[in-house]
Amino acid sequence: MPLLHDPKITPEERALAQAHSDFLRLKRLLYDNISKLPSLPVVVDNLKKALESYKHIGVISLSIQTVALVELQYGWQAYDNLIIEIAQQLNELIGNVIQGEVVLAMEYARSDEFLIFCLSQPDEKSVTLEYMEHVSERLFKALNDHLGQYPVDSIYRKVGLNGGFAIITNNRVVRAERLIYHGLNEAKRMAALYESRRHTKQIETLRSIIAERQIATTFQPIIYMADLRIMAYEALSVSPKEAGFPNTEVLFSIAQEAGLGLKLDRLCRENAITNASKMADHYKLFVNVEPSAIDDPEFRQAQFVEFMQSHGIEPSKVVLEITERTAIKDYDIFLKSLKYFQDLGFEIAVDDAGAGYASLNSIAYLRPKFLKFDHALVQNIHKTPIKQQLLETLIDFADKIGAHVIAEGIESIEEFEMLREMNVEFGQGYYIARPDFTFPDVREELVNHMNGSQPKKP
Amino acid sequence: MPKAKIMIIDDEEAIIEFVRTALKTFGYDVIWATSGEMAFIQLQKEKPDLIFLDVMMPHMNGWEVLELLKTDEATQSIPVIMLTALDKPKDRLQSAKEGAADFLAKPFNHNHMLEKIRDVLGESVA
């Protein structure tokens, strides 16, 4: 095949190509290709110059505070988007909220630590502590307000921003680079201190929530994608707004850390049952259960079933929704406990299936009646061929083990249509209906859309 | 409208030959390289509309080539379709993670390939 030999190249061309690939390798290590921001080493020279001319510069360290392993739950893609979003917001806020000279960077390429260096105040004055305090306060408020616009169950609402600031002062006898690194550490220490104070306060609040049973239950419908009939309601626990927890997952992860997980889980479950007694009889009820609770003796005692029955709810109506987010330590014991519930007539749903924590094999052993796929897979599925292929594989798998598929976190008409086309049986999400204290119906917009699209060509 | 220019990077000459003849039949302009290094030399001069990139190559493997393509401003917007030896979910995930537009499992035929091109470039094959 003479045609196939690579074209003739000169040694110079080869050397150039080698140099180019070497350059790209270095660039990859120094630039964050997600946020498109440089990493700290790239901007150090600028900072040095500013230190010399202004004597003081300020640094704000901003990190994404993740609870309950957000990246694991939503996937790296959603986390990447989050970082892109924050980088974009920061770029917009500069000039708007921060008016002096600013340099933006990431601590390392592909990290989630943003660094905002304030080189000067407006009018080229040196930065002061008051100025940094003022700027960082406005910055955090603006970012939090921005993220707060997203739906509660999106990744943007599952993260907290944590940060601190420091002033770096030029000193002739110390190397500027080290001054900069020390300043950065100081900003991080401030952030950590602030975070630990907030954490202690949160645990206190949580204890009082549990003691005073201040948990409410909302319900979100799970529908047949084909005709929008409601199949079930999922009970979703919410904490009082004043308590300041952004969502239930944050609440649970804090409870888990503080050893209050089981207590909170029980409270949520009992509330769900009490409130669900008003639900129409032919719907199923999905109740979230932490895997650790499956072994909870109080949960396993007959009194829980009695409690349910006293509220008019039979086990056969209840689907226990298990997330494998928290690792299951001993699968054999877990399966035995699970079988106890299955024998009583409870059905099992596995949440976040296919997100990668549990192998499909181990899911098969749980003999679930339902497999739920969420945000990570559903978000933008209409424009992501790889997600479509992945979902197809998972639907095949569900078929093989005799489980029904539920797509969660449907937020747009495009996602809804795509999933319906792919024969996903059940759906749930903001586009269908938001969770509510009463038992909400399917949103009118969707009903109208379906009615409108019905008379299409046969 | 002139058809797209497509680049194939694969160390197996038989695959290149197959892709080249198949795509030429359908009017595509085809360029190729038998290694990542050769590809970067070619890319100094040529700007393809789409790249097929083999994962299993000696020296610089497909994932590394992909990362560097995505690091270079001149090439980062060119969609890349990874050619994987087996249809492994792990490869699919990594394709997406490192910014590939899609992937194609070997062995593949004309139709598979044309379908992917159409999907990625959003053009009609006919």
# chains A, B, ... in the order shown; residues from 1 in each chain; ligands from 1
>>> residues_around(residues="Gln99 of chain A", least_positions_apart="4", cutoff="12 Å", atoms="only C-alpha atoms", output="number ranges by chain")
A: 91-95, 103, 118-125, 127, 131-132, 134-135, 138-139
>>> interface_residues(of="chain A", to="chain B", cutoff="6 Å", atoms="only C-alpha atoms", output="list in words")
Ala17, Leu24 and Arg28 of chain A
>>> closest_residue(among="B:Leu114, B:Ile78, B:Met7, B:Val55", to="Gln94 of chain B", atoms="only C-alpha atoms")
B:Val55
>>> closest_residue(among="B:Met60, B:Leu86, B:Ala4, B:Ile31", to="Ser21 of chain A", atoms="only C-alpha atoms")
B:Met60
>>> residues_around(residues="Val42 of chain A", least_positions_apart="6", cutoff="9 Å", atoms="only C-alpha atoms", output="PyMOL selection string")
chain A and resi 30-31+105
>>> select_by_dssp(residues="segment 339-457 of chain A", states="helix (DSSP H, G or I)", output="PyMOL selection string")
chain A and resi 339-344+360-365+375-378+381-383+385-400+413-421+444-453
>>> residues_around(residues="Phe108 of chain B", least_positions_apart="3", cutoff="12 Å", atoms="only C-alpha atoms", output="PyMOL selection string")
chain B and resi 15+18-19+22+83-87+103-105+111-116
>>> write_last_selection(atoms="N, CA, C and O atoms", output="PDB file, in the first residue's frame")
ATOM      1  N   ILE B  15      -6.952  -0.267   8.577  1.00  0.00           N
ATOM      2  CA  ILE B  15      -8.104   0.550   8.994  1.00  0.00           C
ATOM      3  C   ILE B  15      -8.100   1.871   8.229  1.00  0.00           C
ATOM      4  O   ILE B  15      -9.133   2.320   7.722  1.00  0.00           O
ATOM      5  N   PHE B  18      -9.262   1.298   4.751  1.00  0.00           N
ATOM      6  CA  PHE B  18     -10.711   1.070   4.714  1.00  0.00           C
ATOM      7  C   PHE B  18     -11.478   2.388   4.832  1.00  0.00           C
ATOM      8  O   PHE B  18     -12.344   2.706   4.019  1.00  0.00           O
ATOM      9  N   VAL B  19     -11.107   3.184   5.841  1.00  0.00           N
ATOM     10  CA  VAL B  19     -11.798   4.452   6.081  1.00  0.00           C
ATOM     11  C   VAL B  19     -11.618   5.383   4.882  1.00  0.00           C
ATOM     12  O   VAL B  19     -12.558   6.025   4.423  1.00  0.00           O
ATOM     13  N   ALA B  22     -13.627   4.147   1.840  1.00  0.00           N
ATOM     14  CA  ALA B  22     -15.065   4.265   2.115  1.00  0.00           C
ATOM     15  C   ALA B  22     -15.507   5.719   2.059  1.00  0.00           C
ATOM     16  O   ALA B  22     -16.493   6.055   1.403  1.00  0.00           O
ATOM     17  N   LEU B  83     -12.113   5.679  18.300  1.00  0.00           N
ATOM     18  CA  LEU B  83     -12.286   4.321  17.798  1.00  0.00           C
ATOM     19  C   LEU B  83     -11.813   3.369  18.886  1.00  0.00           C
ATOM     20  O   LEU B  83     -10.635   3.375  19.258  1.00  0.00           O
ATOM     21  N   THR B  84     -12.736   2.598  19.442  1.00  0.00           N
ATOM     22  CA  THR B  84     -12.356   1.703  20.532  1.00  0.00           C
ATOM     23  C   THR B  84     -12.414   0.265  20.048  1.00  0.00           C
ATOM     24  O   THR B  84     -13.199  -0.071  19.167  1.00  0.00           O
ATOM     25  N   ALA B  85     -11.555  -0.568  20.650  1.00  0.00           N
ATOM     26  CA  ALA B  85     -11.470  -1.955  20.195  1.00  0.00           C
ATOM     27  C   ALA B  85     -12.717  -2.739  20.564  1.00  0.00           C
ATOM     28  O   ALA B  85     -13.196  -3.560  19.811  1.00  0.00           O
ATOM     29  N   LEU B  86     -13.249  -2.466  21.726  1.00  0.00           N
ATOM     30  CA  LEU B  86     -14.435  -3.180  22.176  1.00  0.00           C
ATOM     31  C   LEU B  86     -15.454  -2.155  22.636  1.00  0.00           C
ATOM     32  O   LEU B  86     -15.091  -1.049  23.001  1.00  0.00           O
ATOM     33  N   ASP B  87     -16.705  -2.559  22.635  1.00  0.00           N
ATOM     34  CA  ASP B  87     -17.735  -1.647  23.102  1.00  0.00           C
ATOM     35  C   ASP B  87     -17.799  -1.727  24.627  1.00  0.00           C
ATOM     36  O   ASP B  87     -18.642  -2.408  25.189  1.00  0.00           O
ATOM     37  N   PHE B 103     -18.068   8.030  20.078  1.00  0.00           N
ATOM     38  CA  PHE B 103     -17.100   6.962  19.921  1.00  0.00           C
ATOM     39  C   PHE B 103     -17.692   5.917  18.994  1.00  0.00           C
ATOM     40  O   PHE B 103     -18.904   5.862  18.788  1.00  0.00           O
ATOM     41  N   LEU B 104     -16.806   5.114  18.414  1.00  0.00           N
ATOM     42  CA  LEU B 104     -17.249   4.091  17.475  1.00  0.00           C
ATOM     43  C   LEU B 104     -16.466   2.833  17.815  1.00  0.00           C
ATOM     44  O   LEU B 104     -15.235   2.862  17.874  1.00  0.00           O
ATOM     45  N   ALA B 105     -17.201   1.734  18.087  1.00  0.00           N
ATOM     46  CA  ALA B 105     -16.511   0.503  18.477  1.00  0.00           C
ATOM     47  C   ALA B 105     -16.120  -0.288  17.234  1.00  0.00           C
ATOM     48  O   ALA B 105     -16.883  -0.386  16.276  1.00  0.00           O
ATOM     49  N   ASN B 111     -21.764   1.995   7.155  1.00  0.00           N
ATOM     50  CA  ASN B 111     -22.957   2.634   7.693  1.00  0.00           C
ATOM     51  C   ASN B 111     -22.724   3.238   9.064  1.00  0.00           C
ATOM     52  O   ASN B 111     -23.136   4.355   9.335  1.00  0.00           O
ATOM     53  N   HIS B 112     -22.071   2.446   9.939  1.00  0.00           N
ATOM     54  CA  HIS B 112     -21.796   2.951  11.286  1.00  0.00           C
ATOM     55  C   HIS B 112     -21.046   4.269  11.212  1.00  0.00           C
ATOM     56  O   HIS B 112     -21.363   5.237  11.889  1.00  0.00           O
ATOM     57  N   MET B 113     -20.044   4.254  10.332  1.00  0.00           N
ATOM     58  CA  MET B 113     -19.154   5.389  10.251  1.00  0.00           C
ATOM     59  C   MET B 113     -19.886   6.617   9.706  1.00  0.00           C
ATOM     60  O   MET B 113     -19.790   7.709  10.260  1.00  0.00           O
ATOM     61  N   LEU B 114     -20.655   6.405   8.637  1.00  0.00           N
ATOM     62  CA  LEU B 114     -21.378   7.524   8.022  1.00  0.00           C
ATOM     63  C   LEU B 114     -22.425   8.091   8.976  1.00  0.00           C
ATOM     64  O   LEU B 114     -22.649   9.300   9.029  1.00  0.00           O
ATOM     65  N   GLU B 115     -23.030   7.176   9.739  1.00  0.00           N
ATOM     66  CA  GLU B 115     -24.038   7.614  10.696  1.00  0.00           C
ATOM     67  C   GLU B 115     -23.417   8.536  11.752  1.00  0.00           C
ATOM     68  O   GLU B 115     -23.966   9.574  12.090  1.00  0.00           O
ATOM     69  N   LYS B 116     -22.246   8.119  12.234  1.00  0.00           N
ATOM     70  CA  LYS B 116     -21.558   8.933  13.247  1.00  0.00           C
ATOM     71  C   LYS B 116     -21.185  10.296  12.676  1.00  0.00           C
ATOM     72  O   LYS B 116     -21.327  11.319  13.344  1.00  0.00           O
TER      73      LYS B 116
END
>>> select_by_dssp(residues="segment 147-286 of chain A", states="strand (DSSP E or B)", output="JSON, numbers by chain")
{"A": [159, 160, 161, 162, 163, 164, 165, 166, 167, 168, 169, 216, 217, 218, 219, 220, 221, 222, 223, 224, 230, 231, 232, 233, 234, 235, 236, 237, 238, 284, 285, 286]}
>>> residues_around(residues="segment 231-234 of chain A", least_positions_apart="3", cutoff="8 Å", atoms="only C-alpha atoms", output="PyMOL selection string")
chain A and resi 219-224+283-287+439
>>> closest_residue(among="B:His110, B:His59, B:Lys47, B:Lys88", to="Thr25 of chain B", atoms="only C-alpha atoms")
B:His110
>>> atom_distance(atom1="atom CA of Gly259 of chain A", atom2="atom CA of Asn271 of chain A")
20.3 Å
>>> closest_residue(among="A:Val238, A:Leu344, A:Ala243, A:Val305", to="Arg207 of chain A", atoms="only C-alpha atoms")
A:Ala243
>>> closest_residue(among="A:Arg420, A:Lys383, A:Arg443, A:His146", to="Asp227 of chain A", atoms="only C-alpha atoms")
A:Arg420
>>> residues_around(residues="segment 306-312 of chain A", least_positions_apart="3", cutoff="7 Å", atoms="only C-alpha atoms", output="ChimeraX atom specification")
/A:273-274,277,302-303
>>> write_last_selection(atoms="all heavy atoms", output="PDB file, in the first residue's frame")
ATOM      1  N   ILE A 273     -45.212   8.696  56.180  1.00  0.00           N
ATOM      2  CA  ILE A 273     -46.349   7.787  56.326  1.00  0.00           C
ATOM      3  C   ILE A 273     -47.579   8.539  56.843  1.00  0.00           C
ATOM      4  O   ILE A 273     -48.675   8.418  56.309  1.00  0.00           O
ATOM      5  CB  ILE A 273     -45.995   6.630  57.306  1.00  0.00           C
ATOM      6  CG1 ILE A 273     -44.831   5.795  56.758  1.00  0.00           C
ATOM      7  CG2 ILE A 273     -47.212   5.774  57.618  1.00  0.00           C
ATOM      8  CD1 ILE A 273     -45.126   5.035  55.506  1.00  0.00           C
ATOM      9  N   THR A 274     -47.356   9.357  57.894  1.00  0.00           N
ATOM     10  CA  THR A 274     -48.473  10.093  58.474  1.00  0.00           C
ATOM     11  C   THR A 274     -49.151  10.962  57.418  1.00  0.00           C
ATOM     12  O   THR A 274     -50.370  10.972  57.287  1.00  0.00           O
ATOM     13  CB  THR A 274     -47.982  11.006  59.631  1.00  0.00           C
ATOM     14  OG1 THR A 274     -47.061  10.265  60.405  1.00  0.00           O
ATOM     15  CG2 THR A 274     -49.118  11.470  60.488  1.00  0.00           C
ATOM     16  N   SER A 277     -51.260   9.307  54.483  1.00  0.00           N
ATOM     17  CA  SER A 277     -52.554   8.672  54.728  1.00  0.00           C
ATOM     18  C   SER A 277     -53.663   9.392  53.959  1.00  0.00           C
ATOM     19  O   SER A 277     -54.723   8.833  53.721  1.00  0.00           O
ATOM     20  CB  SER A 277     -52.855   8.656  56.229  1.00  0.00           C
ATOM     21  OG  SER A 277     -52.823   9.972  56.730  1.00  0.00           O
ATOM     22  N   ALA A 302     -41.993  -5.172  63.961  1.00  0.00           N
ATOM     23  CA  ALA A 302     -43.361  -5.206  63.455  1.00  0.00           C
ATOM     24  C   ALA A 302     -44.074  -3.883  63.705  1.00  0.00           C
ATOM     25  O   ALA A 302     -44.997  -3.531  62.981  1.00  0.00           O
ATOM     26  CB  ALA A 302     -44.123  -6.347  64.110  1.00  0.00           C
ATOM     27  N   GLN A 303     -43.601  -3.147  64.717  1.00  0.00           N
ATOM     28  CA  GLN A 303     -44.346  -1.935  65.047  1.00  0.00           C
ATOM     29  C   GLN A 303     -44.358  -0.899  63.920  1.00  0.00           C
ATOM     30  O   GLN A 303     -45.285  -0.114  63.827  1.00  0.00           O
ATOM     31  CB  GLN A 303     -43.855  -1.321  66.356  1.00  0.00           C
ATOM     32  CG  GLN A 303     -42.443  -0.795  66.294  1.00  0.00           C
ATOM     33  CD  GLN A 303     -41.925  -0.531  67.697  1.00  0.00           C
ATOM     34  OE1 GLN A 303     -41.777  -1.443  68.502  1.00  0.00           O
ATOM     35  NE2 GLN A 303     -41.654   0.726  67.998  1.00  0.00           N
TER      36      GLN A 303
END
>>> decode(residues="segment 41-75 of chain B", atoms="N, CA, C and O atoms", output="mmCIF file, in the first residue's frame")
data_model
loop_
_atom_site.group_PDB
_atom_site.id
_atom_site.type_symbol
_atom_site.label_atom_id
_atom_site.label_comp_id
_atom_site.auth_asym_id
_atom_site.auth_seq_id
_atom_site.Cartn_x
_atom_site.Cartn_y
_atom_site.Cartn_z
ATOM 1 N N ILE B 41 1.875 16.928 13.281
ATOM 2 C CA ILE B 41 2.575 17.547 12.144
ATOM 3 C C ILE B 41 1.555 17.937 11.067
ATOM 4 O O ILE B 41 1.554 19.052 10.560
ATOM 5 N N GLN B 42 0.652 17.001 10.777
ATOM 6 C CA GLN B 42 -0.374 17.260 9.760
ATOM 7 C C GLN B 42 -1.239 18.460 10.145
ATOM 8 O O GLN B 42 -1.617 19.263 9.306
ATOM 9 N N LEU B 43 -1.530 18.509 11.453
ATOM 10 C CA LEU B 43 -2.475 19.528 11.912
ATOM 11 C C LEU B 43 -1.872 20.942 11.901
ATOM 12 O O LEU B 43 -2.592 21.922 12.074
ATOM 13 N N GLN B 44 -0.557 21.032 11.722
ATOM 14 C CA GLN B 44 0.047 22.354 11.548
ATOM 15 C C GLN B 44 -0.419 22.960 10.223
ATOM 16 O O GLN B 44 -0.474 24.166 10.070
ATOM 17 N N LYS B 45 -0.719 22.059 9.267
ATOM 18 C CA LYS B 45 -1.046 22.544 7.922
ATOM 19 C C LYS B 45 -2.530 22.405 7.561
ATOM 20 O O LYS B 45 -3.041 23.156 6.770
ATOM 21 N N GLU B 46 -3.152 21.391 8.128
ATOM 22 C CA GLU B 46 -4.517 21.065 7.709
ATOM 23 C C GLU B 46 -5.485 21.288 8.858
ATOM 24 O O GLU B 46 -5.137 21.079 10.016
ATOM 25 N N LYS B 47 -6.709 21.671 8.517
ATOM 26 C CA LYS B 47 -7.725 21.764 9.557
ATOM 27 C C LYS B 47 -8.933 20.900 9.190
ATOM 28 O O LYS B 47 -9.813 21.338 8.458
ATOM 29 N N PRO B 48 -8.962 19.653 9.670
ATOM 30 C CA PRO B 48 -10.099 18.785 9.348
ATOM 31 C C PRO B 48 -11.374 19.232 10.074
ATOM 32 O O PRO B 48 -11.302 19.949 11.062
ATOM 33 N N ASP B 49 -12.524 18.794 9.557
ATOM 34 C CA ASP B 49 -13.800 19.110 10.211
ATOM 35 C C ASP B 49 -14.127 18.092 11.277
ATOM 36 O O ASP B 49 -14.974 18.323 12.137
ATOM 37 N N LEU B 50 -13.463 16.928 11.187
ATOM 38 C CA LEU B 50 -13.764 15.865 12.140
ATOM 39 C C LEU B 50 -12.569 14.914 12.178
ATOM 40 O O LEU B 50 -11.897 14.723 11.170
ATOM 41 N N ILE B 51 -12.314 14.351 13.354
ATOM 42 C CA ILE B 51 -11.187 13.420 13.481
ATOM 43 C C ILE B 51 -11.669 12.081 14.031
ATOM 44 O O ILE B 51 -12.402 12.050 15.032
ATOM 45 N N PHE B 52 -11.298 10.977 13.366
ATOM 46 C CA PHE B 52 -11.464 9.645 13.951
ATOM 47 C C PHE B 52 -10.133 9.300 14.612
ATOM 48 O O PHE B 52 -9.079 9.373 13.971
ATOM 49 N N LEU B 53 -10.180 8.922 15.875
ATOM 50 C CA LEU B 53 -8.940 8.720 16.623
ATOM 51 C C LEU B 53 -8.950 7.359 17.306
ATOM 52 O O LEU B 53 -9.837 7.067 18.118
ATOM 53 N N ASP B 54 -7.963 6.535 16.981
ATOM 54 C CA ASP B 54 -7.863 5.203 17.569
ATOM 55 C C ASP B 54 -7.369 5.301 19.015
ATOM 56 O O ASP B 54 -6.476 6.084 19.316
ATOM 57 N N VAL B 55 -7.946 4.495 19.903
ATOM 58 C CA VAL B 55 -7.531 4.525 21.301
ATOM 59 C C VAL B 55 -6.213 3.767 21.493
ATOM 60 O O VAL B 55 -5.282 4.253 22.136
ATOM 61 N N MET B 56 -6.130 2.562 20.900
ATOM 62 C CA MET B 56 -4.977 1.704 21.144
ATOM 63 C C MET B 56 -3.881 1.965 20.120
ATOM 64 O O MET B 56 -3.895 1.397 19.034
ATOM 65 N N MET B 57 -2.972 2.841 20.475
ATOM 66 C CA MET B 57 -1.841 3.082 19.584
ATOM 67 C C MET B 57 -0.567 3.009 20.415
ATOM 68 O O MET B 57 -0.578 3.391 21.591
ATOM 69 N N PRO B 58 0.519 2.537 19.821
ATOM 70 C CA PRO B 58 1.766 2.494 20.583
ATOM 71 C C PRO B 58 2.264 3.913 20.836
ATOM 72 O O PRO B 58 1.849 4.855 20.173
ATOM 73 N N HIS B 59 3.175 4.056 21.758
ATOM 74 C CA HIS B 59 3.777 5.335 22.131
ATOM 75 C C HIS B 59 2.753 6.306 22.716
ATOM 76 O O HIS B 59 2.507 6.289 23.906
ATOM 77 N N MET B 60 2.147 7.159 21.903
ATOM 78 C CA MET B 60 1.162 8.099 22.434
ATOM 79 C C MET B 60 -0.215 7.493 22.160
ATOM 80 O O MET B 60 -0.581 7.325 21.003
ATOM 81 N N ASN B 61 -0.950 7.136 23.204
ATOM 82 C CA ASN B 61 -2.240 6.498 22.916
ATOM 83 C C ASN B 61 -3.323 7.536 22.635
ATOM 84 O O ASN B 61 -3.112 8.742 22.782
ATOM 85 N N GLY B 62 -4.485 7.032 22.215
ATOM 86 C CA GLY B 62 -5.545 7.926 21.761
ATOM 87 C C GLY B 62 -6.013 8.917 22.813
ATOM 88 O O GLY B 62 -6.324 10.061 22.504
ATOM 89 N N TRP B 63 -6.031 8.469 24.061
ATOM 90 C CA TRP B 63 -6.517 9.375 25.118
ATOM 91 C C TRP B 63 -5.575 10.560 25.278
ATOM 92 O O TRP B 63 -6.006 11.686 25.485
ATOM 93 N N GLU B 64 -4.272 10.265 25.169
ATOM 94 C CA GLU B 64 -3.318 11.361 25.325
ATOM 95 C C GLU B 64 -3.429 12.328 24.146
ATOM 96 O O GLU B 64 -3.420 13.551 24.311
ATOM 97 N N VAL B 65 -3.568 11.753 22.945
ATOM 98 C CA VAL B 65 -3.716 12.598 21.753
ATOM 99 C C VAL B 65 -4.967 13.470 21.906
ATOM 100 O O VAL B 65 -4.947 14.674 21.652
ATOM 101 N N LEU B 66 -6.045 12.855 22.399
ATOM 102 C CA LEU B 66 -7.297 13.601 22.582
ATOM 103 C C LEU B 66 -7.097 14.764 23.545
ATOM 104 O O LEU B 66 -7.524 15.895 23.280
ATOM 105 N N GLU B 67 -6.437 14.491 24.661
ATOM 106 C CA GLU B 67 -6.217 15.554 25.644
ATOM 107 C C GLU B 67 -5.429 16.706 25.038
ATOM 108 O O GLU B 67 -5.724 17.868 25.276
ATOM 109 N N LEU B 68 -4.404 16.342 24.255
ATOM 110 C CA LEU B 68 -3.587 17.412 23.665
ATOM 111 C C LEU B 68 -4.366 18.164 22.588
ATOM 112 O O LEU B 68 -4.249 19.379 22.463
ATOM 113 N N LEU B 69 -5.184 17.439 21.833
ATOM 114 C CA LEU B 69 -6.025 18.118 20.839
ATOM 115 C C LEU B 69 -6.941 19.125 21.521
ATOM 116 O O LEU B 69 -7.184 20.215 21.010
ATOM 117 N N LYS B 70 -7.440 18.750 22.707
ATOM 118 C CA LYS B 70 -8.366 19.624 23.430
ATOM 119 C C LYS B 70 -7.636 20.751 24.152
ATOM 120 O O LYS B 70 -8.259 21.699 24.619
ATOM 121 N N THR B 71 -6.324 20.615 24.303
ATOM 122 C CA THR B 71 -5.549 21.670 24.958
ATOM 123 C C THR B 71 -5.139 22.751 23.951
ATOM 124 O O THR B 71 -4.997 23.915 24.293
ATOM 125 N N ASP B 72 -4.954 22.340 22.702
ATOM 126 C CA ASP B 72 -4.487 23.257 21.659
ATOM 127 C C ASP B 72 -5.650 24.100 21.148
ATOM 128 O O ASP B 72 -6.657 23.557 20.689
ATOM 129 N N GLU B 73 -5.509 25.426 21.249
ATOM 130 C CA GLU B 73 -6.607 26.285 20.801
ATOM 131 C C GLU B 73 -6.944 26.066 19.326
ATOM 132 O O GLU B 73 -8.089 26.213 18.914
ATOM 133 N N ALA B 74 -5.925 25.705 18.544
ATOM 134 C CA ALA B 74 -6.144 25.538 17.106
ATOM 135 C C ALA B 74 -7.008 24.312 16.806
ATOM 136 O O ALA B 74 -7.686 24.261 15.788
ATOM 137 N N THR B 75 -6.988 23.323 17.698
ATOM 138 C CA THR B 75 -7.700 22.080 17.381
ATOM 139 C C THR B 75 -8.850 21.768 18.340
ATOM 140 O O THR B 75 -9.622 20.843 18.099
#
